[in-house]
Amino acid sequence: MPSPPLIMKSLLTNSQGRRLLIIGTTTQRSILHQLALAASFDREMAVPNVNTLEELEKICQETVAFDSPSELQQSLSVLRDTCGSNSVGVGIKRVLLGIETARQTTGMERVNRFAEVISSMRASRAIEE
């Protein structure tokens, strides 16, 4: 892997005089500092976890994750039943990954796949803590 200055030089060279908007996400800020990349960003914005099914529902609506509102409600219901609560506690990056994973299927398979992926991410988060 090229060193951070080489990465930045490559990005700037490839931009052909245009300004670049680079968005980076991480749960491990220390790595950005270790790679000397933290200073390359103008802003840092903390994004809280998606904590409730209501927040998850809003994200799914905004991203048009399901073909119909009933599919979304079915998936949230399966997730609620699987987890036993309305608590989600998963980062937005993982939620968006779950949406993209579920989009590879259709109908009830999508409903169940989304609930399965989010439930799994929720469980892995609990293990990491």
# chains A, B, ... in the order shown; residues from 1 in each chain; ligands from 1
$ residues_around --residues "range 48-62 of chain A" --least-positions-apart "6" --cutoff "10 Å" --atoms "only C-alpha atoms" --output "ChimeraX atom specification"
/A:68-69,72-73,75-77,79-80,85-96,99,118
$ write_last_selection --atoms "N, CA, C and O atoms" --output "PDB file, in the first residue's frame"
ATOM      1  N   SER A  68     -42.277  -1.452  -1.338  1.00  0.00           N
ATOM      2  CA  SER A  68     -43.551  -0.924  -0.838  1.00  0.00           C
ATOM      3  C   SER A  68     -43.452  -0.680   0.664  1.00  0.00           C
ATOM      4  O   SER A  68     -42.627  -1.291   1.345  1.00  0.00           O
ATOM      5  N   PRO A  69     -44.313   0.202   1.170  1.00  0.00           N
ATOM      6  CA  PRO A  69     -44.340   0.440   2.615  1.00  0.00           C
ATOM      7  C   PRO A  69     -44.666  -0.838   3.402  1.00  0.00           C
ATOM      8  O   PRO A  69     -44.151  -1.040   4.503  1.00  0.00           O
ATOM      9  N   LEU A  72     -41.520  -2.873   3.967  1.00  0.00           N
ATOM     10  CA  LEU A  72     -40.714  -2.256   5.029  1.00  0.00           C
ATOM     11  C   LEU A  72     -41.280  -2.612   6.399  1.00  0.00           C
ATOM     12  O   LEU A  72     -40.541  -3.031   7.290  1.00  0.00           O
ATOM     13  N   GLN A  73     -42.599  -2.481   6.556  1.00  0.00           N
ATOM     14  CA  GLN A  73     -43.222  -2.791   7.843  1.00  0.00           C
ATOM     15  C   GLN A  73     -43.050  -4.268   8.204  1.00  0.00           C
ATOM     16  O   GLN A  73     -42.815  -4.601   9.367  1.00  0.00           O
ATOM     17  N   SER A  75     -40.562  -6.207   7.297  1.00  0.00           N
ATOM     18  CA  SER A  75     -39.168  -6.417   7.667  1.00  0.00           C
ATOM     19  C   SER A  75     -38.883  -5.894   9.070  1.00  0.00           C
ATOM     20  O   SER A  75     -38.193  -6.544   9.858  1.00  0.00           O
ATOM     21  N   LEU A  76     -39.425  -4.729   9.410  1.00  0.00           N
ATOM     22  CA  LEU A  76     -39.237  -4.166  10.754  1.00  0.00           C
ATOM     23  C   LEU A  76     -39.897  -5.065  11.799  1.00  0.00           C
ATOM     24  O   LEU A  76     -39.359  -5.251  12.893  1.00  0.00           O
ATOM     25  N   SER A  77     -41.039  -5.642  11.446  1.00  0.00           N
ATOM     26  CA  SER A  77     -41.730  -6.556  12.353  1.00  0.00           C
ATOM     27  C   SER A  77     -40.902  -7.821  12.591  1.00  0.00           C
ATOM     28  O   SER A  77     -40.762  -8.282  13.726  1.00  0.00           O
ATOM     29  N   LEU A  79     -37.671  -8.054  12.272  1.00  0.00           N
ATOM     30  CA  LEU A  79     -36.512  -7.622  13.050  1.00  0.00           C
ATOM     31  C   LEU A  79     -36.875  -7.461  14.528  1.00  0.00           C
ATOM     32  O   LEU A  79     -36.139  -7.919  15.409  1.00  0.00           O
ATOM     33  N   ARG A  80     -38.007  -6.846  14.796  1.00  0.00           N
ATOM     34  CA  ARG A  80     -38.478  -6.661  16.180  1.00  0.00           C
ATOM     35  C   ARG A  80     -38.668  -8.018  16.855  1.00  0.00           C
ATOM     36  O   ARG A  80     -38.246  -8.230  17.986  1.00  0.00           O
ATOM     37  N   SER A  85     -36.893  -6.515  20.755  1.00  0.00           N
ATOM     38  CA  SER A  85     -37.034  -5.128  21.218  1.00  0.00           C
ATOM     39  C   SER A  85     -37.053  -4.172  20.021  1.00  0.00           C
ATOM     40  O   SER A  85     -36.867  -4.587  18.879  1.00  0.00           O
ATOM     41  N   ASN A  86     -37.260  -2.883  20.333  1.00  0.00           N
ATOM     42  CA  ASN A  86     -37.217  -1.844  19.304  1.00  0.00           C
ATOM     43  C   ASN A  86     -35.830  -1.229  19.182  1.00  0.00           C
ATOM     44  O   ASN A  86     -35.639  -0.271  18.456  1.00  0.00           O
ATOM     45  N   SER A  87     -34.873  -1.765  19.898  1.00  0.00           N
ATOM     46  CA  SER A  87     -33.511  -1.242  19.900  1.00  0.00           C
ATOM     47  C   SER A  87     -32.731  -1.792  18.708  1.00  0.00           C
ATOM     48  O   SER A  87     -32.818  -2.978  18.390  1.00  0.00           O
ATOM     49  N   VAL A  88     -31.948  -0.912  18.054  1.00  0.00           N
ATOM     50  CA  VAL A  88     -31.131  -1.326  16.914  1.00  0.00           C
ATOM     51  C   VAL A  88     -29.654  -1.213  17.280  1.00  0.00           C
ATOM     52  O   VAL A  88     -28.943  -2.197  17.325  1.00  0.00           O
ATOM     53  N   GLY A  89     -29.171   0.012  17.517  1.00  0.00           N
ATOM     54  CA  GLY A  89     -27.793   0.220  17.956  1.00  0.00           C
ATOM     55  C   GLY A  89     -26.731  -0.170  16.949  1.00  0.00           C
ATOM     56  O   GLY A  89     -25.700  -0.734  17.307  1.00  0.00           O
ATOM     57  N   VAL A  90     -26.952   0.156  15.682  1.00  0.00           N
ATOM     58  CA  VAL A  90     -26.011  -0.173  14.610  1.00  0.00           C
ATOM     59  C   VAL A  90     -25.635   1.121  13.898  1.00  0.00           C
ATOM     60  O   VAL A  90     -26.467   2.007  13.720  1.00  0.00           O
ATOM     61  N   GLY A  91     -24.386   1.238  13.479  1.00  0.00           N
ATOM     62  CA  GLY A  91     -23.921   2.420  12.763  1.00  0.00           C
ATOM     63  C   GLY A  91     -24.562   2.561  11.395  1.00  0.00           C
ATOM     64  O   GLY A  91     -24.968   1.576  10.774  1.00  0.00           O
ATOM     65  N   ILE A  92     -24.635   3.799  10.923  1.00  0.00           N
ATOM     66  CA  ILE A  92     -25.284   4.088   9.638  1.00  0.00           C
ATOM     67  C   ILE A  92     -24.591   3.372   8.482  1.00  0.00           C
ATOM     68  O   ILE A  92     -25.246   2.894   7.549  1.00  0.00           O
ATOM     69  N   LYS A  93     -23.289   3.248   8.545  1.00  0.00           N
ATOM     70  CA  LYS A  93     -22.559   2.559   7.477  1.00  0.00           C
ATOM     71  C   LYS A  93     -23.020   1.112   7.365  1.00  0.00           C
ATOM     72  O   LYS A  93     -23.252   0.597   6.268  1.00  0.00           O
ATOM     73  N   ARG A  94     -23.201   0.461   8.504  1.00  0.00           N
ATOM     74  CA  ARG A  94     -23.674  -0.920   8.501  1.00  0.00           C
ATOM     75  C   ARG A  94     -25.126  -1.014   8.046  1.00  0.00           C
ATOM     76  O   ARG A  94     -25.506  -1.965   7.365  1.00  0.00           O
ATOM     77  N   VAL A  95     -25.939  -0.050   8.421  1.00  0.00           N
ATOM     78  CA  VAL A  95     -27.342  -0.046   7.975  1.00  0.00           C
ATOM     79  C   VAL A  95     -27.399   0.065   6.449  1.00  0.00           C
ATOM     80  O   VAL A  95     -28.132  -0.680   5.787  1.00  0.00           O
ATOM     81  N   LEU A  96     -26.621   0.974   5.886  1.00  0.00           N
ATOM     82  CA  LEU A  96     -26.616   1.142   4.428  1.00  0.00           C
ATOM     83  C   LEU A  96     -26.091  -0.113   3.734  1.00  0.00           C
ATOM     84  O   LEU A  96     -26.591  -0.493   2.672  1.00  0.00           O
ATOM     85  N   ILE A  99     -28.941  -2.528   3.721  1.00  0.00           N
ATOM     86  CA  ILE A  99     -29.915  -2.167   2.678  1.00  0.00           C
ATOM     87  C   ILE A  99     -29.433  -2.654   1.322  1.00  0.00           C
ATOM     88  O   ILE A  99     -30.197  -3.252   0.552  1.00  0.00           O
ATOM     89  N   ILE A 118     -29.466  -7.014   9.564  1.00  0.00           N
ATOM     90  CA  ILE A 118     -29.431  -6.033  10.654  1.00  0.00           C
ATOM     91  C   ILE A 118     -29.339  -6.742  12.000  1.00  0.00           C
ATOM     92  O   ILE A 118     -28.575  -6.330  12.881  1.00  0.00           O
TER      93      ILE A 118
END
$ select_by_dssp --residues "range 36-120 of chain A" --states "helix (DSSP H, G or I)" --output "PyMOL selection string"
chain A and resi 38-40+53-62+69-83+92-102+107-120
$ closest_atom_pairs --of "range 29-94 of chain A" --to "range 21-24 of chain A" --cutoff "10 Å" --atoms "only C-alpha atoms" --output "CSV"
residue,atom,partner,partner_atom,distance
A:Leu32,CA,A:Gly24,CA,9.6
A:Ala38,CA,A:Gly24,CA,9.9
A:Ser40,CA,A:Ile22,CA,9.7
A:Phe41,CA,A:Ile22,CA,8.2
A:Arg43,CA,A:Ile23,CA,9.7
A:Glu44,CA,A:Gly24,CA,9.4
$ atom_distance --atom1 "CA of His33 in chain A" --atom2 "CA of Ala46 in chain A"
16.1 Å
$ residues_around --residues "Thr106 in chain A" --least-positions-apart "5" --cutoff "10 Å" --atoms "only C-alpha atoms" --output "ChimeraX atom specification"
/A:66-67,71,111-113
$ select_by_dssp --residues "range 13-103 of chain A" --states "strand (DSSP E or B)" --output "PyMOL selection string"
chain A and resi 50-52+87-90
$ write_last_selection --atoms "C-alpha atoms" --output "PDB file, in the first residue's frame"
ATOM      1  CA  VAL A  50     -29.175   4.140  14.493  1.00  0.00           C
ATOM      2  CA  ASN A  51     -30.721   3.336  17.865  1.00  0.00           C
ATOM      3  CA  THR A  52     -34.408   2.630  17.270  1.00  0.00           C
ATOM      4  CA  SER A  87     -33.511  -1.242  19.900  1.00  0.00           C
ATOM      5  CA  VAL A  88     -31.131  -1.326  16.914  1.00  0.00           C
ATOM      6  CA  GLY A  89     -27.793   0.220  17.956  1.00  0.00           C
ATOM      7  CA  VAL A  90     -26.011  -0.173  14.610  1.00  0.00           C
TER       8      VAL A  90
END
$ atom_distance --atom1 "CA of Cys83 in chain A" --atom2 "CA of Ser119 in chain A"
6.7 Å
$ closest_residue --among "A:Val47, A:Ala115, A:Ile31, A:Asp42" --to "Asp81 in chain A" --atoms "only C-alpha atoms"
A:Ala115
$ atom_distance --atom1 "CA of Arg29 in chain A" --atom2 "CA of Gly98 in chain A"
22.9 Å
